[in-house]
Amino acid sequence: MKHPVAADLLRYLRLATPLALLLTAACATTNAPPPSGPKVTDLEIRGTDQVREGAIKDRILTTATPFWGFWPFGGPSYFDANAWQADLRRIERYYQAQGFYQAKVTHAEVKPAGDDKVAIDISVQEGEPTRISEIQVTGLDTLPEDVREEHRKYVLDGLPLREGDIFKEESWEEAKVRVQERLRELAYAEAEVDGEVRVDVDTRQAVVELRTRPGIRYRFGNTFVATDANPQVPPRRIIEQVTGALKKGDWYSETALANAQARVFRMGVFGAVKVNRGAPDRESGTVPVVVDVREAPFRSVRLGGGLGVDAARQEVRAVGEWTHRNFGGGLRRFTVRGRLGYAFIPNVLNFNKDGPVFDVTAEYEQPRFLFRDLRAQNSLSVEKGLEQAYDFWGGRLQTGVIWQPHPDFSIFPSYNLQVYRLSGRVSADSRVPPIVLGCGEGQAQCNVALSFLELAFTWDRRDDVIEPRDGYYISLSVQKGGGTPLMGDFNYVRLLPDLRVYRSFGEDKRFILAAKVRAGTLNPAGGSQSSIVTRFFSGGGTFMRGFNGQRLSPLAALQRTADVDGDGNPDVVQDAEWDTVPVGGNSLFETSVEMRYQFTESLMVAAFYDTGLVGIEDFSHANRPKLFGPQHYHAVGMGLRYLTVVGPVRLDIARRLNIGGGLPVSTPGYIYPEAGGCFGIGSRWRPTGPTTPSGAFAGAPDGLCALHLSIGEAF
């Protein structure tokens with residue numbers, strides 16, 4: 001179970017070293033004597049009509065002190081006369097690289113701005129840009145006649161240079177690299193590309209000449225492996241993985257080399273992998289493949305600890321993992337991982353319940369199960385947990401096979417058996433009704449057995465798993481539980497698709513647009529009850545951020561009772577707000593759109609718009625929840641990321657829009673609060689307030705704002 005503000009800041013000991021280095025560097029920076037020059041308070045460049053001012057500032061050494069210029073995010077910027085003179089030349093040179101060969105700095109003034117402070121004012125005269133009048137491409141006429149037109153079109157399609165465009169040196173260099181890459185992708189392994197640009201400064205026209213030398217077309221030859229002395233991994237196993245991406249006699253392709261390298265690295269036993277081409281044999285027209293690998297230790301231990309902090313739950317934990325990557329030979333992997341902690345609900349200062357929590361998992365993986373791209377995976381887990389609505393003991397068994405024909409694509413069919421001992425304890429004197437958990441009436445505790453088949457598909461084309469900037473991620477989980485012959489206590493079908501898309505923009509790709517859609521439906525057979533351990537929850541740092549962890553969910557309320565009339569029997573008290581706990585739903589729909597901007601090497605800001613819905617009934621039910629209906633909630637927010645070697649430390653604050661009504665509460669007699677406020681400010685409750693979800697503010701009874709702190713991007 002993930003908790004939104006939970007962050008294993010020291011997840012493994014290996015992460016402690018870079019964090020310590022960061023702190024040491026920060027301390028060293030703090031203690032170092034400041035430069036002797038005055039502090040730069042302002043830097044303004046005038047006359048930048050066709051070239052962005054920010055782009056110029058990014059390429060000079062002299063900078064103004066930003067408002068965030070304090071430890072550990074940076075510091076004051078100081079004026080250096082030598083660097084300043086070089087910066088004036090850099091400005092003109094940058095303009096030339098952008099096609100403005102007549103640009104010049106017409107005014108540069110360093111003005112006093114107080115005690116030991118200066119402000120800098122620059123004026124530039126850009127002039128007219130130089131445009132491309134003609135593009136000449138030579139050398140492609142040597143391509144084989146039968147593929148000449150096809151290959152020529154592929155090589156030249158969509159180049160960043162077009163007649164009439166402003167000539168930019170960056171586009172020119174990119175065009176040469178792209179043409180060479182495309183020729184080599186077409187099996188011209190020795191292709192070279194260069195050229196020249198003739199610029200007429202007076203007429204402001206440029207003639208671009210792109211010279212190509214494709215050479216001959218090659219096929220892949222033999223594969224050779226370079227490894228450590230006395231290797232434990234047989235070279236034939238490495239070659240077997242390489243042949244999954246390329247075969248002897250295939251046309252040469254650098255993409256195939258990259259895929260082969262990914263397949264070898266995915267074996268999980270090498271600390272370094274490099275798949276390169278050897279020296280081409282022009283007589284035979286073949287290129288050998290050279291695989292250079294270095295084996296990593298086959299046994300490893302990782303230890304760490306962390307804190308989980310949330311408005312509804314706080315936890316301290318220790319984590320550990322032991323892995324043997326050649327267990328019994330044959331590159332079989334055996335892993336034992338565990339977590340031991342102590343949890344307080346809702347918080348350590350005022351908790352309704354507390355206690356130890358743990359989970360231990362043993363996992364065994366057999367590579368090359370039946371054939372090369374299939375591996376068998378079996379795992380066994382034991383856990384004890386505390387949630388807001390219940391406590392549990394549990395055990396999970398999973399056995400299946402993973403077919404991964406491509407490094408980015410996998411299919412994982414598995415059989416799963418999960419057994420839980422559930423207790424509806426919310427506090428020492430409060431429990432949720434057993435039927436809410438999926439247990440029979442009148443049971444203080446119950447045992448739940450889930451027996452189901454699962455088929456999971458994953459297609460992951462993100463450029464980086466921790467900090468994605470480009471690409472996409474698609475997954476689908478399909479579960480079929482109970483029935484003949486699976487048995488189990490619940491007969492159901494559960495679907496959970498997930499789509500994420502990322503796109504970066506700008507010259508330096510500082511803008512990142514990220515979007516996510518996730519949906520789910522849990523369909524119990526014959527309208528029967530579902531179990532709380534299979535239902536959907538949302539809210540938190542990685543889900544709908546307008547709610548705290550798991551708080552976007554149908555709720556159960558805990559009646560407040562007291563002996564009001566003195567007859568010795570508890571009576572329901574309506575003049576005090578009842579506590580609520582999330583109990584999950586059978587339908588889920590989440591979307592998120594986030595714009596991220598990295599304005600320094602270490603800092604990134606984000607603005608996001610999240611929506612979320614968790615309904616009582618599944619999407620096939622007649623009373624299914626409606627998208628953009630009263631239980632579909634919306635939130636906007638801002639975030640700050642501090643980029644580290646272990647991923648971004650992320651702080652998000654979100655506010656729900658007051659669109660819709662209150663969360664569904666199943667307990668009769670529940671009275672909704674009148675106003676939610678933010679973090680307890682502005683919230684009101686009175687016994688004469690709204691009594692129905694439609695009469696309450698959006699997302700009642702939870703406040704309208706939520707704060708999340710974690711490591712890693714939201715998605």
# chains A, B, ... in the order shown; residues from 1 in each chain; ligands from 1
call {"tool": "residues_around", "arguments": {"residues": "Asp408 in chain A", "least_positions_apart": "4", "cutoff": "12 Å", "atoms": "only C-alpha atoms", "output": "list in words"}}
result
Asn259, Ala262, Arg263, Arg266, Trp403, Gln404, Phe457, Thr458, Trp459, Asp460, Arg461, Arg462, Asp463, Val465, Gly471, Tyr472, Tyr473, Ile474 and Ser475 of chain A
call {"tool": "residues_around", "arguments": {"residues": "range 683-687 of chain A", "least_positions_apart": "5", "cutoff": "7 Å", "atoms": "only C-alpha atoms", "output": "VMD selection string"}}
result
chain A and resid 574 to 575 577 671 673 to 677
call {"tool": "write_last_selection", "arguments": {"atoms": "C-alpha atoms", "output": "CSV table (one decimal), in the first residue's frame"}}
result
chain,number,residue,atom,x,y,z
A,574,GLN,CA,-25.8,14.3,16.9
A,575,ASP,CA,-24.3,17.6,18.2
A,577,GLU,CA,-19.1,15.7,14.1
A,671,ILE,CA,-24.5,15.1,9.0
A,673,PRO,CA,-20.1,19.8,7.5
A,674,GLU,CA,-21.1,23.1,6.0
A,675,ALA,CA,-17.6,24.4,4.9
A,676,GLY,CA,-14.3,22.6,4.4
A,677,GLY,CA,-11.8,25.4,4.5
call {"tool": "closest_residue", "arguments": {"among": "A:Val581, A:Pro214, A:Val275, A:Glu454", "to": "His151 in chain A", "atoms": "only C-alpha atoms"}}
result
A:Pro214
call {"tool": "closest_atom_pairs", "arguments": {"of": "range 531-553 of chain A", "to": "range 605-609 of chain A", "cutoff": "10 Å", "atoms": "only C-alpha atoms", "output": "CSV"}}
result
residue,atom,partner,partner_atom,distance
A:Met544,CA,A:Tyr609,CA,9.2
A:Arg545,CA,A:Tyr609,CA,9.0
A:Gly546,CA,A:Tyr609,CA,9.3
call {"tool": "atom_distance", "arguments": {"atom1": "CA of Ile345 in chain A", "atom2": "CA of Pro554 in chain A"}}
result
18.7 Å
call {"tool": "decode", "arguments": {"residues": "range 524-552 of chain A", "atoms": "N, CA, C and O atoms", "output": "compact mmCIF listing (two decimals), in the first residue's frame"}}
result
# COMPACT_ATOMS: atom_id res chain seq x y z
N PRO A 524 -18.46 -7.50 -9.06
CA PRO A 524 -18.80 -8.74 -8.33
C PRO A 524 -19.89 -9.51 -9.08
O PRO A 524 -20.82 -8.91 -9.63
N ALA A 525 -19.78 -10.81 -9.09
CA ALA A 525 -20.76 -11.64 -9.80
C ALA A 525 -22.10 -11.61 -9.09
O ALA A 525 -22.18 -11.68 -7.85
N GLY A 526 -23.16 -11.45 -9.88
CA GLY A 526 -24.51 -11.53 -9.34
C GLY A 526 -24.87 -10.45 -8.36
O GLY A 526 -25.74 -10.64 -7.51
N GLY A 527 -24.19 -9.30 -8.43
CA GLY A 527 -24.50 -8.21 -7.50
C GLY A 527 -24.08 -8.47 -6.08
O GLY A 527 -24.58 -7.84 -5.15
N SER A 528 -23.16 -9.42 -5.87
CA SER A 528 -22.73 -9.76 -4.50
C SER A 528 -21.79 -8.69 -3.95
O SER A 528 -21.38 -7.76 -4.65
N GLN A 529 -21.44 -8.83 -2.69
CA GLN A 529 -20.57 -7.88 -2.01
C GLN A 529 -19.12 -8.10 -2.45
O GLN A 529 -18.69 -9.22 -2.71
N SER A 530 -18.33 -7.02 -2.55
CA SER A 530 -16.90 -7.13 -2.81
C SER A 530 -16.14 -7.02 -1.50
O SER A 530 -16.66 -6.52 -0.50
N SER A 531 -14.89 -7.46 -1.51
CA SER A 531 -14.05 -7.37 -0.32
C SER A 531 -13.29 -6.06 -0.32
O SER A 531 -12.87 -5.56 -1.38
N ILE A 532 -13.07 -5.50 0.85
CA ILE A 532 -12.39 -4.22 0.96
C ILE A 532 -10.96 -4.30 0.43
O ILE A 532 -10.40 -3.29 -0.03
N VAL A 533 -10.33 -5.47 0.44
CA VAL A 533 -8.94 -5.58 -0.01
C VAL A 533 -8.83 -5.59 -1.53
O VAL A 533 -7.71 -5.52 -2.06
N THR A 534 -9.95 -5.68 -2.26
CA THR A 534 -9.91 -5.62 -3.72
C THR A 534 -10.45 -4.30 -4.26
O THR A 534 -10.34 -4.04 -5.46
N ARG A 535 -11.01 -3.46 -3.42
CA ARG A 535 -11.66 -2.23 -3.89
C ARG A 535 -10.64 -1.16 -4.25
O ARG A 535 -9.45 -1.26 -3.95
N PHE A 536 -11.14 -0.09 -4.86
CA PHE A 536 -10.31 1.03 -5.29
C PHE A 536 -10.33 2.15 -4.27
O PHE A 536 -11.37 2.44 -3.66
N PHE A 537 -9.17 2.77 -4.09
CA PHE A 537 -9.03 3.97 -3.28
C PHE A 537 -8.23 4.99 -4.10
O PHE A 537 -7.47 4.62 -5.00
N SER A 538 -8.39 6.26 -3.80
CA SER A 538 -7.59 7.28 -4.47
C SER A 538 -7.27 8.37 -3.46
O SER A 538 -7.72 8.34 -2.32
N GLY A 539 -6.51 9.35 -3.92
CA GLY A 539 -6.06 10.42 -3.05
C GLY A 539 -4.65 10.19 -2.56
O GLY A 539 -4.28 9.07 -2.22
N GLY A 540 -3.84 11.24 -2.56
CA GLY A 540 -2.47 11.13 -2.09
C GLY A 540 -1.50 11.70 -3.10
O GLY A 540 -1.87 12.21 -4.15
N GLY A 541 -0.21 11.57 -2.80
CA GLY A 541 0.82 12.20 -3.61
C GLY A 541 0.97 11.63 -5.00
O GLY A 541 1.47 12.32 -5.89
N THR A 542 0.56 10.39 -5.23
CA THR A 542 0.70 9.79 -6.55
C THR A 542 -0.64 9.58 -7.23
O THR A 542 -0.68 9.03 -8.33
N PHE A 543 -1.72 9.99 -6.60
CA PHE A 543 -3.05 9.84 -7.19
C PHE A 543 -3.72 11.21 -7.21
O PHE A 543 -3.07 12.21 -7.44
N MET A 544 -5.03 11.28 -6.98
CA MET A 544 -5.72 12.56 -7.01
C MET A 544 -5.27 13.40 -5.81
O MET A 544 -5.60 13.09 -4.65
N ARG A 545 -4.50 14.47 -6.08
CA ARG A 545 -3.83 15.20 -5.00
C ARG A 545 -4.73 16.18 -4.27
O ARG A 545 -4.29 16.85 -3.34
N GLY A 546 -5.99 16.28 -4.67
CA GLY A 546 -6.93 17.11 -3.92
C GLY A 546 -7.39 16.48 -2.63
O GLY A 546 -8.09 17.11 -1.84
N PHE A 547 -7.01 15.20 -2.39
CA PHE A 547 -7.36 14.48 -1.17
C PHE A 547 -6.09 13.92 -0.54
O PHE A 547 -5.09 13.68 -1.24
N ASN A 548 -6.12 13.67 0.76
CA ASN A 548 -5.04 12.95 1.42
C ASN A 548 -5.16 11.46 1.12
O ASN A 548 -6.11 11.01 0.47
N GLY A 549 -4.20 10.68 1.60
CA GLY A 549 -4.09 9.27 1.24
C GLY A 549 -5.35 8.46 1.49
O GLY A 549 -5.85 8.40 2.62
N GLN A 550 -5.88 7.83 0.41
CA GLN A 550 -7.04 6.95 0.42
C GLN A 550 -8.34 7.66 0.78
O GLN A 550 -9.39 7.03 0.90
N ARG A 551 -8.31 8.99 0.92
CA ARG A 551 -9.51 9.69 1.39
C ARG A 551 -10.52 9.94 0.27
O ARG A 551 -11.67 10.29 0.56
N LEU A 552 -10.13 9.78 -0.99
CA LEU A 552 -11.11 9.81 -2.07
C LEU A 552 -11.69 8.41 -2.18
O LEU A 552 -11.14 7.53 -2.83
